[in-house]
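Structure below is structure-v7.pdb: PDB, C-alpha atoms.
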```pdb
ATOM      1  CA  GLN P   1       0.000   0.000   0.000
ATOM      2  CA  VAL P   2       1.412   3.358  -1.067
ATOM      3  CA  GLN P   3       1.406   6.154   1.464
ATOM      4  CA  LEU P   4       2.679   9.702   1.307
ATOM      5  CA  VAL P   5       2.404  11.411   4.672
ATOM      6  CA  GLU P   6       3.055  15.136   5.025
ATOM      7  CA  SER P   7       3.942  16.799   8.285
ATOM      8  CA  GLY P   8       5.288  20.093   9.574
ATOM      9  CA  GLY P   9       2.496  22.466   8.664
ATOM     10  CA  GLY P  10       1.087  25.018  11.044
ATOM     11  CA  LEU P  11       0.508  28.676  11.790
ATOM     12  CA  VAL P  12       3.400  31.080  11.414
ATOM     13  CA  GLN P  13       3.810  34.836  11.235
ATOM     14  CA  ALA P  14       4.927  36.523   8.043
ATOM     15  CA  GLY P  15       8.683  36.362   7.752
ATOM     16  CA  GLY P  16       8.845  33.091   9.623
ATOM     17  CA  SER P  17       9.934  29.646   8.550
ATOM     18  CA  LEU P  18       8.533  26.149   8.368
ATOM     19  CA  ARG P  19       9.938  22.829   7.236
ATOM     20  CA  LEU P  20       7.562  20.345   5.671
ATOM     21  CA  SER P  21       8.321  16.647   5.368
ATOM     22  CA  CYS P  22       6.814  13.955   3.177
ATOM     23  CA  ALA P  23       7.444  10.384   4.251
ATOM     24  CA  ALA P  24       6.835   7.787   1.556
ATOM     25  CA  SER P  25       6.185   4.089   1.890
ATOM     26  CA  GLY P  26       5.187   1.349  -0.506
ATOM     27  CA  ILE P  27       7.132   2.780  -3.454
ATOM     28  CA  ASN P  28      10.695   2.653  -4.738
ATOM     29  CA  PHE P  29      11.167   6.231  -3.585
ATOM     30  CA  SER P  30      14.522   6.851  -5.236
ATOM     31  CA  ILE P  31      13.183   6.545  -8.796
ATOM     32  CA  TYR P  32      10.282   8.943  -8.368
ATOM     33  CA  ILE P  33      10.122  12.611  -9.241
ATOM     34  CA  MET P  34       8.880  14.250  -6.076
ATOM     35  CA  GLY P  35       7.015  17.506  -5.822
ATOM     36  CA  TRP P  36       5.290  19.908  -3.476
ATOM     37  CA  TYR P  37       1.992  21.414  -4.558
ATOM     38  CA  ARG P  38       0.008  24.149  -2.886
ATOM     39  CA  GLN P  39      -3.703  24.848  -2.997
ATOM     40  CA  ALA P  40      -4.730  28.236  -1.706
ATOM     41  CA  PRO P  41      -8.326  28.924  -0.700
ATOM     42  CA  GLY P  42     -10.496  29.280  -3.792
ATOM     43  CA  LYS P  43      -7.621  28.522  -6.156
ATOM     44  CA  GLU P  44      -6.380  25.556  -8.132
ATOM     45  CA  ARG P  45      -3.592  23.349  -6.912
ATOM     46  CA  GLU P  46      -0.216  24.529  -8.234
ATOM     47  CA  LEU P  47       3.254  23.051  -8.349
ATOM     48  CA  ILE P  48       5.683  25.036  -6.236
ATOM     49  CA  ALA P  49       8.790  22.860  -6.309
ATOM     50  CA  SER P  50       9.999  19.541  -7.640
ATOM     51  CA  ILE P  51      13.070  17.368  -7.370
ATOM     52  CA  SER P  52      14.094  14.638  -9.761
ATOM     53  CA  SER P  53      15.480  11.254  -8.854
ATOM     54  CA  GLY P  54      18.905  12.691  -9.589
ATOM     55  CA  GLY P  55      18.391  15.724  -7.392
ATOM     56  CA  ARG P  56      17.623  18.334 -10.039
ATOM     57  CA  THR P  57      15.308  20.970  -8.618
ATOM     58  CA  ASN P  58      12.755  23.357 -10.061
ATOM     59  CA  TYR P  59      10.804  26.115  -8.363
ATOM     60  CA  ARG P  60       7.824  28.275  -9.037
ATOM     61  CA  ASP P  61       8.995  31.858  -9.516
ATOM     62  CA  SER P  62       7.075  33.086  -6.480
ATOM     63  CA  VAL P  63       9.070  30.851  -4.113
ATOM     64  CA  LYS P  64      12.528  31.026  -5.693
ATOM     65  CA  GLY P  65      15.140  32.119  -3.189
ATOM     66  CA  ARG P  66      12.822  31.414  -0.239
ATOM     67  CA  PHE P  67      12.005  27.700  -0.500
ATOM     68  CA  THR P  68      14.455  24.818  -0.765
ATOM     69  CA  ILE P  69      13.328  21.333  -1.742
ATOM     70  CA  SER P  70      15.424  18.295  -0.875
ATOM     71  CA  ARG P  71      15.159  14.543  -0.566
ATOM     72  CA  ASP P  72      16.787  11.800   1.470
ATOM     73  CA  ASN P  73      16.452   8.557  -0.459
ATOM     74  CA  ALA P  74      17.810   6.543   2.466
ATOM     75  CA  LYS P  75      14.898   7.756   4.583
ATOM     76  CA  ASN P  76      12.298   7.765   1.769
ATOM     77  CA  THR P  77      11.550  11.355   2.694
ATOM     78  CA  MET P  78      11.242  14.649   0.873
ATOM     79  CA  TYR P  79      11.462  18.064   2.504
ATOM     80  CA  VAL P  80      10.835  21.687   1.748
ATOM     81  CA  GLN P  81      12.389  24.404   3.846
ATOM     82  CA  MET P  82      10.240  27.503   3.617
ATOM     83  CA  ASN P  83      11.757  30.805   4.714
ATOM     84  CA  SER P  84      10.545  34.392   4.601
ATOM     85  CA  LEU P  85       6.980  33.169   4.478
ATOM     86  CA  LYS P  86       4.296  35.485   3.186
ATOM     87  CA  PRO P  87       0.504  35.477   3.664
ATOM     88  CA  ASP P  88       0.234  34.449  -0.016
ATOM     89  CA  ASP P  89       1.998  31.193   0.898
ATOM     90  CA  THR P  90      -1.054  30.148   2.870
ATOM     91  CA  GLY P  91      -2.681  26.966   1.663
ATOM     92  CA  VAL P  92      -2.758  23.215   1.857
ATOM     93  CA  TYR P  93       0.562  21.707   0.832
ATOM     94  CA  TYR P  94       0.496  18.343  -0.895
ATOM     95  CA  CYS P  95       3.249  15.856  -1.549
ATOM     96  CA  ASN P  96       3.314  14.243  -4.991
ATOM     97  CA  ALA P  97       5.262  11.308  -6.382
ATOM     98  CA  GLN P  98       5.453  10.607 -10.117
ATOM     99  CA  ARG P  99       7.234   8.214 -12.398
ATOM    100  CA  TYR P 100       7.026   7.136 -16.009
ATOM    101  CA  GLY P 101       3.921   5.066 -16.656
ATOM    102  CA  PRO P 102       2.373   7.401 -15.773
ATOM    103  CA  VAL P 103       2.155   6.554 -12.126
ATOM    104  CA  GLU P 104       1.237   9.224  -9.596
ATOM    105  CA  TYR P 105       0.485   9.354  -5.906
ATOM    106  CA  TRP P 106      -0.665  12.123  -3.568
ATOM    107  CA  GLY P 107      -0.471  12.756   0.125
ATOM    108  CA  GLN P 108      -3.390  13.970   2.193
ATOM    109  CA  GLY P 109      -2.002  17.492   2.581
ATOM    110  CA  THR P 110      -0.877  19.672   5.442
ATOM    111  CA  GLN P 111      -2.177  23.158   6.207
ATOM    112  CA  VAL P 112       0.166  26.121   6.238
ATOM    113  CA  THR P 113      -1.214  29.429   7.428
ATOM    114  CA  VAL P 114       0.881  32.590   7.339
ATOM    115  CA  SER P 115      -0.506  35.502   9.298
ATOM    116  CA  SER P 116       0.292  39.103   8.440
TER     117      SER P 116
END
```
Structure re-expressed in structure tokens:
Amino acid sequence: QVQLVESGGGLVQAGGSLRLSCAASGINFSIYIMGWYRQAPGKERELIASISSGGRTNYRDSVKGRFTISRDNAKNTMYVQMNSLKPDDTGVYYCNAQRYGPVEYWGQGTQVTVSS
């Protein structure tokens, strides 16, 4: 059974930091492209950062320089360090795992709320 479990969300003031984690089980984690998506209230889910199996990263322009995505294949875990948080970063953050097939899995999401 595949599971992606996010953790680390919460309430933080603008300018603060949070670190989200996504723990994966039931998949060969190292071969998957991993990503963090965000869904703000009333908006569509959007990709904010991704990391390939080889460690190549990509970021949405709005988070470049503030967010850092990483992965630890030995721990089957992906992270995103979020600094200088803004109220616009508020939303539910979802973990995503993809590989050629296409095969795709989602986590249940974790809420991040940034107060002004």
d(CA of Tyr105 (chain P), CA of Glu6 (chain P)) in Å:
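Rounded to one decimal, the two atoms are 12.6 Å apart.
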How would you write, as a ChimeraX atom specification, the residues chosen by the PyMOL selection byres ((chain P and resi 70-84) around 8) on this structure?
/P:14-25,29-30,34,36,51,55,66-69,85-86
Extending 6 Å beyond the listed atoms of region 32-37 of chain P on each side, what axis-aligned box results? I want centre and edge lengths in Å to one decimal, as JSON.
```
{"center_x": 6.1, "center_y": 15.2, "center_z": -6.4, "size_x": 20.3, "size_y": 24.5, "size_z": 17.8}
```
So which one's closest to Tyr59 (chain P), P:Trp106, P:Tyr37, P:Tyr94, P:Tyr32? Using only C-alpha atoms, please.
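With only C-alpha atoms as the atom set, the closest residue is P:Tyr37.
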For Pro87 (chain P), the nearest of the candidates P:Asn28, P:Ser53, P:Gln39, P:Gln13, counting only C-alpha atoms
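Looking only at the distances to Pro87 (chain P), the closest residue turns out to be P:Gln13.
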Exercise: region 108-113 of chain P partners within 7 Å, all atoms listed in the file, chain neighbours under 6 positions left out, as a list in words:
Val5, Glu6, Ser7, Gly9, Gly10, Leu11, Val12, Thr90, Gly91, Val92, Tyr93, Tyr94 and Cys95 of chain P
Pairwise distance for CA of Val114 (chain P) and CA of Asp89 (chain P), rounded to one decimal in Å:
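For CA of Val114 (chain P) relative to CA of Asp89 (chain P), the distance reads 6.7 Å.
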Considering all atoms listed in the file, can you say which of P:Arg60, P:Glu104, P:Arg99, P:Gln1 comes closest to Ile31 (chain P)?
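So, comparing all the options, the nearest one is P:Arg99.
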What is the CA of Leu47 (chain P) to CA of Ser115 (chain P) distance in Å?
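The value is 21.9 Å.
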Hey, which of P:Thr57, P:Val2, P:Ser50, P:Tyr100 ends up closest to Arg38 (chain P)? Count only C-alpha atoms.
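Smallest distance to Arg38 (chain P) is found for P:Ser50.
Distances here use all atoms listed in the file; by that measure, the residue among P:Asn58, P:Gln3, P:Ser52, P:Asn96 closest to Gly35 (chain P) is P:Asn96.
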